[in-house]
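Chemist: Sharing final07.pdb, PDB, C-alpha atoms:
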```pdb
ATOM      1  CA  MET A   1     203.628 150.036  60.643
ATOM      2  CA  ASN A   2     201.151 147.631  62.125
ATOM      3  CA  PHE A   3     198.212 146.357  60.097
ATOM      4  CA  LEU A   4     195.730 149.062  61.083
ATOM      5  CA  GLU A   5     198.292 151.784  60.376
ATOM      6  CA  LEU A   6     198.849 150.259  56.919
ATOM      7  CA  VAL A   7     195.126 150.272  56.171
ATOM      8  CA  ASN A   8     194.759 153.854  57.400
ATOM      9  CA  TYR A   9     197.721 154.923  55.272
ATOM     10  CA  ILE A  10     196.258 153.215  52.191
ATOM     11  CA  ASN A  11     192.861 154.824  52.862
ATOM     12  CA  SER A  12     194.458 158.258  53.285
ATOM     13  CA  ASN A  13     196.894 158.158  50.374
ATOM     14  CA  PHE A  14     195.438 155.871  47.764
ATOM     15  CA  VAL A  15     191.713 155.325  47.999
ATOM     16  CA  LYS A  16     189.089 155.168  50.704
ATOM     17  CA  ASN A  17     187.170 152.137  51.911
ATOM     18  CA  PHE A  18     189.844 149.495  52.267
ATOM     19  CA  VAL A  19     188.547 148.048  55.483
ATOM     20  CA  PRO A  20     190.220 145.136  57.230
ATOM     21  CA  VAL A  21     188.056 142.042  57.292
ATOM     22  CA  GLU A  22     189.917 140.430  60.175
ATOM     23  CA  VAL A  23     192.176 142.327  62.517
ATOM     24  CA  GLU A  24     193.905 139.488  64.357
ATOM     25  CA  ALA A  25     197.177 138.054  63.012
ATOM     26  CA  PRO A  26     197.996 136.116  60.950
ATOM     27  CA  ALA A  27     194.796 136.628  58.930
ATOM     28  CA  ASP A  28     195.066 140.408  58.591
ATOM     29  CA  HIS A  29     193.926 141.327  55.112
ATOM     30  CA  ILE A  30     192.110 143.809  52.942
ATOM     31  CA  ASP A  31     189.705 143.056  50.124
ATOM     32  CA  CYS A  32     190.258 144.731  46.771
ATOM     33  CA  PRO A  33     187.906 144.712  43.774
ATOM     34  CA  ALA A  34     189.526 143.184  40.689
ATOM     35  CA  ASP A  35     189.176 146.399  38.686
ATOM     36  CA  ARG A  36     191.216 148.322  41.295
ATOM     37  CA  TRP A  37     193.852 145.673  42.001
ATOM     38  CA  ARG A  38     196.372 146.792  39.369
ATOM     39  CA  SER A  39     196.474 150.402  40.553
ATOM     40  CA  LEU A  40     196.597 149.366  44.221
ATOM     41  CA  ALA A  41     199.482 146.994  43.458
ATOM     42  CA  GLU A  42     201.438 149.778  41.748
ATOM     43  CA  PHE A  43     200.840 152.043  44.747
ATOM     44  CA  LEU A  44     201.891 149.361  47.265
ATOM     45  CA  ARG A  45     205.104 148.673  45.332
ATOM     46  CA  SER A  46     206.151 152.247  44.563
ATOM     47  CA  ASP A  47     204.994 154.376  47.507
ATOM     48  CA  GLU A  48     208.045 155.062  49.693
ATOM     49  CA  ASP A  49     206.121 154.464  52.923
ATOM     50  CA  MET A  50     204.657 151.193  51.654
ATOM     51  CA  GLU A  51     207.499 149.813  49.510
ATOM     52  CA  PHE A  52     206.175 146.259  49.256
ATOM     53  CA  ASP A  53     209.128 144.953  47.277
ATOM     54  CA  SER A  54     208.570 141.269  47.961
ATOM     55  CA  MET A  55     205.657 139.147  46.857
ATOM     56  CA  MET A  56     205.834 136.114  49.096
ATOM     57  CA  CYS A  57     202.951 134.106  47.696
ATOM     58  CA  ILE A  58     199.840 134.070  45.544
ATOM     59  CA  THR A  59     197.146 131.551  46.430
ATOM     60  CA  GLY A  60     194.013 130.670  44.472
ATOM     61  CA  VAL A  61     190.768 129.949  46.311
ATOM     62  CA  ASP A  62     187.439 128.433  45.332
ATOM     63  CA  TYR A  63     184.865 129.783  47.767
ATOM     64  CA  GLY A  64     182.233 127.389  46.418
ATOM     65  CA  GLY A  65     178.561 127.909  47.043
ATOM     66  CA  GLU A  66     175.767 128.572  44.585
ATOM     67  CA  GLU A  67     177.325 131.692  43.087
ATOM     68  CA  GLY A  68     180.749 130.094  43.054
ATOM     69  CA  ASN A  69     183.192 132.934  43.545
ATOM     70  CA  LEU A  70     186.902 132.407  43.037
ATOM     71  CA  GLY A  71     189.635 134.450  44.599
ATOM     72  CA  VAL A  72     193.325 135.188  44.695
ATOM     73  CA  ILE A  73     195.208 135.969  47.896
ATOM     74  CA  TYR A  74     198.395 138.024  47.614
ATOM     75  CA  ASN A  75     200.930 138.049  50.471
ATOM     76  CA  LEU A  76     203.262 141.049  50.313
ATOM     77  CA  PHE A  77     206.239 142.069  52.417
ATOM     78  CA  SER A  78     208.386 145.194  52.634
ATOM     79  CA  MET A  79     212.026 144.344  53.274
ATOM     80  CA  SER A  80     212.943 147.931  54.117
ATOM     81  CA  HIS A  81     209.984 148.660  56.421
ATOM     82  CA  GLN A  82     209.477 145.111  57.739
ATOM     83  CA  HIS A  83     205.708 145.167  57.351
ATOM     84  CA  LYS A  84     203.398 142.732  55.615
ATOM     85  CA  LEU A  85     199.989 142.833  53.981
ATOM     86  CA  GLU A  86     197.543 140.313  52.621
ATOM     87  CA  VAL A  87     195.287 141.454  49.772
ATOM     88  CA  ARG A  88     192.316 139.365  48.632
ATOM     89  CA  VAL A  89     190.728 139.784  45.222
ATOM     90  CA  THR A  90     187.450 137.959  44.543
ATOM     91  CA  VAL A  91     185.946 137.322  41.105
ATOM     92  CA  PRO A  92     182.851 135.477  39.899
ATOM     93  CA  LYS A  93     183.447 131.933  38.620
ATOM     94  CA  TYR A  94     181.621 132.731  35.361
ATOM     95  CA  LYS A  95     184.154 135.506  34.566
ATOM     96  CA  PRO A  96     187.366 134.908  36.549
ATOM     97  CA  VAL A  97     189.627 137.714  35.302
ATOM     98  CA  ILE A  98     192.113 139.701  37.414
ATOM     99  CA  PRO A  99     194.744 142.158  36.114
ATOM    100  CA  THR A 100     198.250 140.729  36.122
ATOM    101  CA  VAL A 101     200.934 142.059  38.447
ATOM    102  CA  GLU A 102     203.790 140.027  36.954
ATOM    103  CA  ASN A 103     205.479 143.157  35.662
ATOM    104  CA  ILE A 104     205.261 144.764  39.124
ATOM    105  CA  TRP A 105     206.589 141.734  41.013
ATOM    106  CA  ARG A 106     208.393 139.460  38.556
ATOM    107  CA  ILE A 107     207.858 136.355  40.723
ATOM    108  CA  ALA A 108     204.123 136.729  40.098
ATOM    109  CA  ASP A 109     204.734 135.266  36.626
ATOM    110  CA  TRP A 110     204.965 131.702  37.944
ATOM    111  CA  PHE A 111     202.453 132.207  40.759
ATOM    112  CA  GLU A 112     199.807 133.509  38.336
ATOM    113  CA  ARG A 113     200.430 130.656  35.927
ATOM    114  CA  GLU A 114     199.943 128.130  38.726
ATOM    115  CA  VAL A 115     196.671 129.761  39.824
ATOM    116  CA  PHE A 116     195.512 129.845  36.200
ATOM    117  CA  ASP A 117     196.405 126.165  35.778
ATOM    118  CA  MET A 118     194.679 124.953  38.939
ATOM    119  CA  PHE A 119     191.692 127.348  39.192
ATOM    120  CA  GLY A 120     191.191 128.802  35.701
ATOM    121  CA  ILE A 121     191.543 132.399  36.862
ATOM    122  CA  GLU A 122     192.851 134.500  33.979
ATOM    123  CA  PHE A 123     195.361 137.273  34.565
ATOM    124  CA  ASP A 124     194.658 140.014  32.061
ATOM    125  CA  GLY A 125     197.846 141.363  30.478
ATOM    126  CA  HIS A 126     200.078 138.454  31.530
ATOM    127  CA  ARG A 127     202.815 138.007  28.918
ATOM    128  CA  ASP A 128     202.803 134.174  28.918
ATOM    129  CA  LEU A 129     199.652 132.831  30.564
ATOM    130  CA  ARG A 130     199.630 129.100  29.920
ATOM    131  CA  ARG A 131     199.451 125.949  31.967
ATOM    132  CA  LEU A 132     202.424 125.340  34.230
ATOM    133  CA  LEU A 133     201.821 121.977  35.924
ATOM    134  CA  LEU A 134     199.385 120.226  33.602
ATOM    135  CA  PRO A 135     199.484 119.529  29.859
ATOM    136  CA  GLU A 136     198.046 122.286  27.658
ATOM    137  CA  ASP A 137     195.165 120.034  26.549
ATOM    138  CA  TRP A 138     194.083 119.103  30.102
ATOM    139  CA  GLU A 139     190.396 119.766  30.615
ATOM    140  CA  GLY A 140     189.219 121.615  33.685
ATOM    141  CA  TYR A 141     190.847 123.071  36.739
ATOM    142  CA  PRO A 142     191.685 120.488  39.431
ATOM    143  CA  LEU A 143     191.484 122.712  42.522
ATOM    144  CA  ARG A 144     187.969 123.959  41.850
ATOM    145  CA  LYS A 145     185.397 122.410  44.139
ATOM    146  CA  ASP A 146     183.212 121.321  41.218
ATOM    147  CA  TYR A 147     186.079 119.588  39.369
ATOM    148  CA  GLU A 148     185.449 116.003  38.321
ATOM    149  CA  PHE A 149     188.660 114.033  38.033
ATOM    150  CA  PRO A 150     188.867 112.269  34.629
ATOM    151  CA  GLU A 151     189.175 108.521  34.461
ATOM    152  CA  THR A 152     191.434 108.640  31.397
ATOM    153  CA  TYR A 153     193.823 111.018  29.642
ATOM    154  CA  HIS A 154     194.303 110.330  25.924
ATOM    155  CA  GLY A 155     192.943 106.832  26.513
ATOM    156  CA  ILE A 156     195.363 106.102  29.343
ATOM    157  CA  PRO A 157     193.602 105.147  32.594
ATOM    158  CA  ILE A 158     194.304 107.450  35.509
ATOM    159  CA  ASN A 159     194.275 105.461  38.691
ATOM    160  CA  LYS A 160     193.761 107.753  41.613
ATOM    161  CA  VAL A 161     194.601 105.980  44.834
ATOM    162  CA  LYS A 162     192.201 107.405  47.388
ATOM    163  CA  GLU A 163     192.869 105.159  50.367
ATOM    164  CA  GLY A 164     193.565 107.003  53.568
ATOM    165  CA  TRP A 165     192.961 110.556  52.380
ATOM    166  CA  GLU A 166     189.329 110.660  51.300
TER     167      GLU A 166
END
```
Show me, as structure tokens, the structure contained in the file I just sent.
Modeler:
Amino acid sequence: MNFLELVNYINSNFVKNFVPVEVEAPADHIDCPADRWRSLAEFLRSDEDMEFDSMMCITGVDYGGEEGNLGVIYNLFSMSHQHKLEVRVTVPKYKPVIPTVENIWRIADWFEREVFDMFGIEFDGHRDLRRLLLPEDWEGYPLRKDYEFPETYHGIPINKVKEGWE
């Protein structure tokens, strides 16, 4: 199925109103409200015409701005049908909670932990949501646009070499 056929199938068999935001590859995606993500994920994994059995990637995003929305982008692939789909879930920065899908796609365990660690997005129902890359007592979320890099960690100076990349 091509992207538009996927969206039409989802609209016909799961729920209406999943409208593609961009139609040209490679940015084909649908937006999904956080409260509907879990049920959509189960449908995408289990429906025999969808059969998205591979989660390729989860990416966190800080959209910035006054309201400061955060988001998670899920890239899915069906090995048997050879089709792909990108699903974007946006949440407000003041309450960044998305249902976990780590028991639907097991690889999501590590992906969700990384997004939690770097962006502070919580995955409701995750069996082991804790920092993955940073120490448990690290303050803040380094990939948020409003993050202020600390000068010390437990009294140890953190020298951030910025030459050439800032």
Chemist: To test your reading of the syntax: which residues would the PyMOL selection byres ((chain A and resi 53-64) around 7) return for the file shown? Reply as a VMD selection string.
Modeler: chain A and resid 45 51 to 52 65 to 66 68 to 79 105 111 115 119 144 to 145
Chemist: Neighbouring residues of Thr100 (chain A) were defined as those with any atom within 8 Å, considering all atoms listed in the file; residues of the same chain fewer than 2 positions away were excluded. Please report them as a list in words.
Modeler: Arg38, Ile98, Glu102, Asn103, Glu112, Phe123, Asp124, Gly125 and His126 of chain A
Chemist: One number please: CA of Lys95 (chain A) to CA of Gly120 (chain A), in Å, one decimal.
Modeler: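 Interatomic distance here is 9.8 Å.
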Chemist: Using only C-alpha atoms, which of A:Asp146, A:Trp138, A:Ile107, A:Glu42 sits nearest Lys93 (chain A)?
Modeler: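 Nearest candidate to Lys93 (chain A) out of A:Asp146, A:Trp138, A:Ile107, A:Glu42: A:Asp146.
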Chemist: Between A:Met50, A:Gly155, A:Glu148, A:Thr90, which residue has the minimum interatomic distance to Arg36 (chain A), considering only C-alpha atoms?
Modeler: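 The answer is A:Thr90, which sits nearest to Arg36 (chain A).
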Chemist: For a test of reading the model, state the distance in Å between CA of His81 (chain A) and CA of Leu44 (chain A), rounded to one decimal.
Modeler: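 Between CA of His81 (chain A) and CA of Leu44 (chain A) the gap works out to 12.2 Å.
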Chemist: Fewer than 4 positions away in the same chain doesn't count, so skip those; otherwise give me all residues within 12 Å of region 132-135 of chain A, counting all atoms listed in the file, as a list of chain:residue names.
Modeler: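 Everything that qualifies: A:Asp109, A:Trp110, A:Phe111, A:Glu112, A:Arg113, A:Glu114, A:Val115, A:Phe116, A:Asp117, A:Met118, A:Phe119, A:Gly120, A:Asp128, A:Glu139, A:Gly140, A:Tyr141, A:Pro142, A:Tyr153, A:His154.
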Chemist: Provide an axis-aligned box for all listed atoms of region 48-58 of chain A, padding each side by 8 Å; report its centre and its edge lengths in Å to one decimal, as AutoDock Vina command-line options.
Modeler:
```
--center_x 204.5 --center_y 144.6 --center_z 49.2 --size_x 25.3 --size_y 37.0 --size_z 23.4
```
Chemist: Of the candidates A:Phe14, A:Val91, A:Met1, A:Ile158, which one gets nearest to Ser46 (chain A) if we count all atoms listed in the file?
Modeler: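 Closest to Ser46 (chain A) of all the choices is A:Phe14.
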Chemist: Please provide the set of residues having any atom within 10 Å of Leu6 (chain A), restricted to only C-alpha atoms, with same-chain residues fewer than 4 positions apart removed, written as a count of residues only.
Modeler: 10
Chemist: With distances taken over only C-alpha atoms, which residue among A:Trp37, A:Phe149, A:Tyr9, A:Phe43 lies nearest Val89 (chain A)?
Modeler: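 The closest residue to Val89 (chain A) is A:Trp37.
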Chemist: Which value, in Å to one decimal, gives the distance between CA of Thr152 (chain A) and CA of Arg131 (chain A)?
Modeler: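 That distance, rounded to one decimal, is 19.1 Å.
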Chemist: Measuring atom to atom with all atoms listed in the file, identify which of A:Ser39, A:Ser80, A:Asn8, A:Asn13 is nearest to Ile104 (chain A).
Modeler: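 Using all atoms listed in the file, the shortest distance to Ile104 (chain A) belongs to A:Ser39.
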